[in-house]
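**Q** For reference, the structure I am asking about is given below.
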Amino acid sequence: VEQTKAYLEAKGKRIPIEVEVRSLDDVREVLRLDGVDRIMLDNMTPDMLPEALEMIPSFIETEISGGVSLDTIRAYATVSTVRKPDFISVGRITHSAVTADLSMRIAKESL
């Protein structure tokens with residue numbers, strides 16, 4: 001985070017910094033840092049999420065990711081009665097997406 005902040009400052013950029021965490025200890029570690037805009041709670045068990053959400057101050061955005069499906073999204077959205085997540089990612093929407101291989105060739109037309 002410190003290196004990212006220094007890089008952004010050197011480039012004159014203001015881009016939000018998001019940190020991915022996987023445990024309550026990770027959340028505590030990130031909260032000791034300054035300059036984090038969003039914390040992604042990745043692959044946390046549903047019983048870990050209320051504590052994680054509740055320890056993150058409201059000025060830091062939260063995102064739940066990993067293991068979320070369209071069938072379970074409501075449960076994740078209401079996992080805490082104290083703080084709701086700001087964002088929830090459902091990767092399954094893109095996991096089965098068909099890919100396309102595109103290329104573009106540009107040729108100079110001879111006269």
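By order of appearance in the structure tokens: chains A, B, ..., then residues from 1 within every chain, and ligands from 1 in the order shown.
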Considering only C-alpha atoms, return as a list in words whatever protein or nucleic-acid residues lie within 12 Å of Leu33 of chain A, sequence-local ones (same chain, fewer than 6 positions apart) excluded.

**A**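 Residues near the query, excluding close chain neighbours: Val1, Glu2, Gln3, Lys5, Ile17, Glu18, Val19, Asp26, Val27, Ile39 and Ile60 of chain A.
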
**Q** Quick one: everything within 6 Å of segment 63-70 of chain A, counting only C-alpha atoms, minus sequence neighbours fewer than 4 positions away in the same chain. Send it as a PyMOL selection string.

**A** chain A and resi 40-43+85-90

**Q** Would you mind exporting the chosen residues as an mmCIF file, in the first residue's frame, restricted to N, CA, C and O atoms?

**A**
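Final output, selection31.cif:
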```
data_model
loop_
_atom_site.group_PDB
_atom_site.id
_atom_site.type_symbol
_atom_site.label_atom_id
_atom_site.label_comp_id
_atom_site.auth_asym_id
_atom_site.auth_seq_id
_atom_site.Cartn_x
_atom_site.Cartn_y
_atom_site.Cartn_z
ATOM 1 N N MET A 40 -11.548 -5.882 0.110
ATOM 2 C CA MET A 40 -12.280 -7.004 -0.465
ATOM 3 C C MET A 40 -12.135 -8.203 0.462
ATOM 4 O O MET A 40 -11.028 -8.680 0.700
ATOM 5 N N LEU A 41 -13.256 -8.675 0.978
ATOM 6 C CA LEU A 41 -13.291 -9.835 1.861
ATOM 7 C C LEU A 41 -13.468 -11.058 0.970
ATOM 8 O O LEU A 41 -14.574 -11.378 0.538
ATOM 9 N N ASP A 42 -12.365 -11.716 0.658
ATOM 10 C CA ASP A 42 -12.359 -12.769 -0.356
ATOM 11 C C ASP A 42 -12.408 -14.160 0.272
ATOM 12 O O ASP A 42 -11.579 -14.493 1.119
ATOM 13 N N ASN A 43 -13.370 -14.941 -0.171
ATOM 14 C CA ASN A 43 -13.511 -16.342 0.250
ATOM 15 C C ASN A 43 -13.604 -16.518 1.757
ATOM 16 O O ASN A 43 -13.157 -17.525 2.295
ATOM 17 N N PRO A 85 -22.412 -4.858 3.335
ATOM 18 C CA PRO A 85 -21.298 -4.669 2.387
ATOM 19 C C PRO A 85 -21.682 -3.627 1.340
ATOM 20 O O PRO A 85 -22.851 -3.513 0.975
ATOM 21 N N ASP A 86 -20.695 -2.869 0.885
ATOM 22 C CA ASP A 86 -20.955 -1.875 -0.159
ATOM 23 C C ASP A 86 -21.092 -2.532 -1.536
ATOM 24 O O ASP A 86 -21.867 -2.070 -2.365
ATOM 25 N N PHE A 87 -20.324 -3.599 -1.745
ATOM 26 C CA PHE A 87 -20.330 -4.301 -3.027
ATOM 27 C C PHE A 87 -20.268 -5.805 -2.774
ATOM 28 O O PHE A 87 -19.683 -6.242 -1.786
ATOM 29 N N ILE A 88 -20.848 -6.569 -3.690
ATOM 30 C CA ILE A 88 -20.739 -8.024 -3.669
ATOM 31 C C ILE A 88 -20.418 -8.462 -5.092
ATOM 32 O O ILE A 88 -21.113 -8.088 -6.036
ATOM 33 N N SER A 89 -19.353 -9.240 -5.248
ATOM 34 C CA SER A 89 -18.945 -9.734 -6.563
ATOM 35 C C SER A 89 -19.444 -11.161 -6.747
ATOM 36 O O SER A 89 -19.285 -11.995 -5.858
ATOM 37 N N VAL A 90 -20.031 -11.416 -7.906
ATOM 38 C CA VAL A 90 -20.485 -12.760 -8.251
ATOM 39 C C VAL A 90 -19.687 -13.201 -9.469
ATOM 40 O O VAL A 90 -20.032 -12.888 -10.601
#
```

**Q** So, with only C-alpha atoms as the atoms that count, which of A:Ile73, A:Val21, A:Val82, A:Val36 lies closest to Glu51 of chain A?

**A**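 Comparing A:Ile73, A:Val21, A:Val82, A:Val36 against Glu51 of chain A, the winner is A:Val82.
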
**Q** How many Å separate atom CA of Ser58 of chain A from atom CA of Lys84 of chain A?

**A** 9.9 Å

**Q** Hey, which of A:Ala97, A:Ile106, A:Leu49, A:Ala77 ends up closest to Ser23 of chain A? Count only C-alpha atoms.

**A**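 Under the stated criterion, the closest residue is A:Leu49.
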
**Q** I'd like the contact shell of Pro57 of chain A - 10 Å cut-off, only C-alpha atoms, skipping same-chain residues fewer than 5 positions apart - returned as a list of chain:residue names.

**A** A:Leu31, A:Thr62, A:Arg83

**Q** Could you name the residues that touch Ile15 of chain A at 12 Å or less, counting only C-alpha atoms, but leaving out those on the same chain fewer than 2 positions away, as a PyMOL selection string?

**A** chain A and resi 4-9+11-13+17-18+35-38

**Q** Just give me the gap between atom CA of Thr81 of chain A and atom CA of Arg28 of chain A in Å, one decimal is fine.

**A**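 Straight-line distance from atom CA of Thr81 of chain A to atom CA of Arg28 of chain A works out to 20.4 Å.
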
**Q** From the set A:Val30, A:Asp71, A:Leu24, A:Thr99, which residue has the shortest atom-to-atom contact distance to Glu54 of chain A, counting only C-alpha atoms?

**A**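 That would be A:Leu24, the residue with the smallest distance to Glu54 of chain A.
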
**Q** Would you mind writing down, as a list in words, each residue of segment 1-76 of chain A that DSSP on the backbone assigns to helix (DSSP H, G or I)?

**A**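 Helix (DSSP H, G or I) assignments inside segment 1-76 of chain A correspond to Glu2, Gln3, Thr4, Lys5, Ala6, Tyr7, Leu8, Glu9, Ala10, Lys11, Leu24, Asp25, Asp26, Val27, Arg28, Glu29, Val30, Leu31, Leu49, Pro50, Glu51, Ala52, Leu53, Glu54, Met55, Ile73, Arg74, Ala75 and Tyr76 of chain A.
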
**Q** Using only C-alpha atoms, which of the listed residues (A:Arg14, A:Arg32, A:Met44, A:Val79) sits closest to Ile56 of chain A?

**A**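 Once distances to Ile56 of chain A are computed over only C-alpha atoms, the minimum belongs to A:Arg32.
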
**Q** Which residue, A:Ala10, A:Asp25, A:Asp47, A:Glu20, has the smallest gap to Ser80 of chain A when you use only C-alpha atoms?

**A**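 Of A:Ala10, A:Asp25, A:Asp47, A:Glu20, the one nearest Ser80 of chain A is A:Asp47, counting only C-alpha atoms.
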
**Q** Pick out the closest residue to Ala52 of chain A from this set: A:Arg74, A:Ala100, A:Asp34, A:Arg22. Count only C-alpha atoms.

**A**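 Nearest to Ala52 of chain A: A:Arg22.
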
**Q** Please run DSSP on the backbone and report, as a ChimeraX atom specification, all residues within chain A that come out as strand (DSSP E).

**A** /A:18-21,38-42,61-65,87-88

**Q** Could you save the residues just selected, with N, CA, C and O atoms, as a PDB file, in the first residue's frame?

**A**
```
ATOM      1  N   GLU A  18      -7.500  -0.726  -3.400  1.00  0.00           N
ATOM      2  CA  GLU A  18      -8.280  -1.840  -2.870  1.00  0.00           C
ATOM      3  C   GLU A  18      -7.328  -2.940  -2.429  1.00  0.00           C
ATOM      4  O   GLU A  18      -6.392  -3.283  -3.153  1.00  0.00           O
ATOM      5  N   VAL A  19      -7.563  -3.482  -1.243  1.00  0.00           N
ATOM      6  CA  VAL A  19      -6.731  -4.555  -0.705  1.00  0.00           C
ATOM      7  C   VAL A  19      -7.613  -5.780  -0.479  1.00  0.00           C
ATOM      8  O   VAL A  19      -8.684  -5.678   0.118  1.00  0.00           O
ATOM      9  N   GLU A  20      -7.152  -6.919  -0.964  1.00  0.00           N
ATOM     10  CA  GLU A  20      -7.869  -8.176  -0.781  1.00  0.00           C
ATOM     11  C   GLU A  20      -7.382  -8.866   0.484  1.00  0.00           C
ATOM     12  O   GLU A  20      -6.178  -8.983   0.701  1.00  0.00           O
ATOM     13  N   VAL A  21      -8.324  -9.301   1.319  1.00  0.00           N
ATOM     14  CA  VAL A  21      -7.990 -10.003   2.552  1.00  0.00           C
ATOM     15  C   VAL A  21      -8.740 -11.335   2.598  1.00  0.00           C
ATOM     16  O   VAL A  21      -9.784 -11.484   1.973  1.00  0.00           O
ATOM     17  N   ARG A  38     -10.807   0.579  -0.231  1.00  0.00           N
ATOM     18  CA  ARG A  38     -11.750  -0.542  -0.233  1.00  0.00           C
ATOM     19  C   ARG A  38     -11.042  -1.802   0.234  1.00  0.00           C
ATOM     20  O   ARG A  38      -9.892  -2.040  -0.130  1.00  0.00           O
ATOM     21  N   ILE A  39     -11.767  -2.598   1.024  1.00  0.00           N
ATOM     22  CA  ILE A  39     -11.262  -3.897   1.457  1.00  0.00           C
ATOM     23  C   ILE A  39     -12.161  -4.971   0.868  1.00  0.00           C
ATOM     24  O   ILE A  39     -13.376  -4.951   1.075  1.00  0.00           O
ATOM     25  N   MET A  40     -11.548  -5.882   0.110  1.00  0.00           N
ATOM     26  CA  MET A  40     -12.280  -7.004  -0.465  1.00  0.00           C
ATOM     27  C   MET A  40     -12.135  -8.203   0.462  1.00  0.00           C
ATOM     28  O   MET A  40     -11.028  -8.680   0.700  1.00  0.00           O
ATOM     29  N   LEU A  41     -13.256  -8.675   0.978  1.00  0.00           N
ATOM     30  CA  LEU A  41     -13.291  -9.835   1.861  1.00  0.00           C
ATOM     31  C   LEU A  41     -13.468 -11.058   0.970  1.00  0.00           C
ATOM     32  O   LEU A  41     -14.574 -11.378   0.538  1.00  0.00           O
ATOM     33  N   ASP A  42     -12.365 -11.716   0.658  1.00  0.00           N
ATOM     34  CA  ASP A  42     -12.359 -12.769  -0.356  1.00  0.00           C
ATOM     35  C   ASP A  42     -12.408 -14.160   0.272  1.00  0.00           C
ATOM     36  O   ASP A  42     -11.579 -14.493   1.119  1.00  0.00           O
ATOM     37  N   GLU A  61     -14.731   1.423   1.888  1.00  0.00           N
ATOM     38  CA  GLU A  61     -15.710   0.582   1.213  1.00  0.00           C
ATOM     39  C   GLU A  61     -15.387  -0.893   1.461  1.00  0.00           C
ATOM     40  O   GLU A  61     -14.220  -1.253   1.648  1.00  0.00           O
ATOM     41  N   THR A  62     -16.427  -1.716   1.432  1.00  0.00           N
ATOM     42  CA  THR A  62     -16.249  -3.155   1.601  1.00  0.00           C
ATOM     43  C   THR A  62     -16.828  -3.887   0.405  1.00  0.00           C
ATOM     44  O   THR A  62     -17.799  -3.438  -0.216  1.00  0.00           O
ATOM     45  N   GLU A  63     -16.199  -5.005   0.077  1.00  0.00           N
ATOM     46  CA  GLU A  63     -16.666  -5.852  -1.023  1.00  0.00           C
ATOM     47  C   GLU A  63     -16.526  -7.307  -0.593  1.00  0.00           C
ATOM     48  O   GLU A  63     -15.483  -7.710  -0.107  1.00  0.00           O
ATOM     49  N   ILE A  64     -17.595  -8.065  -0.775  1.00  0.00           N
ATOM     50  CA  ILE A  64     -17.554  -9.501  -0.510  1.00  0.00           C
ATOM     51  C   ILE A  64     -17.373 -10.205  -1.843  1.00  0.00           C
ATOM     52  O   ILE A  64     -18.048  -9.892  -2.819  1.00  0.00           O
ATOM     53  N   SER A  65     -16.454 -11.160  -1.868  1.00  0.00           N
ATOM     54  CA  SER A  65     -16.137 -11.870  -3.103  1.00  0.00           C
ATOM     55  C   SER A  65     -15.771 -13.305  -2.777  1.00  0.00           C
ATOM     56  O   SER A  65     -15.280 -13.611  -1.698  1.00  0.00           O
ATOM     57  N   PHE A  87     -20.324  -3.599  -1.745  1.00  0.00           N
ATOM     58  CA  PHE A  87     -20.330  -4.301  -3.027  1.00  0.00           C
ATOM     59  C   PHE A  87     -20.268  -5.805  -2.774  1.00  0.00           C
ATOM     60  O   PHE A  87     -19.683  -6.242  -1.786  1.00  0.00           O
ATOM     61  N   ILE A  88     -20.848  -6.569  -3.690  1.00  0.00           N
ATOM     62  CA  ILE A  88     -20.739  -8.024  -3.669  1.00  0.00           C
ATOM     63  C   ILE A  88     -20.418  -8.462  -5.092  1.00  0.00           C
ATOM     64  O   ILE A  88     -21.113  -8.088  -6.036  1.00  0.00           O
TER      65      ILE A  88
END
```
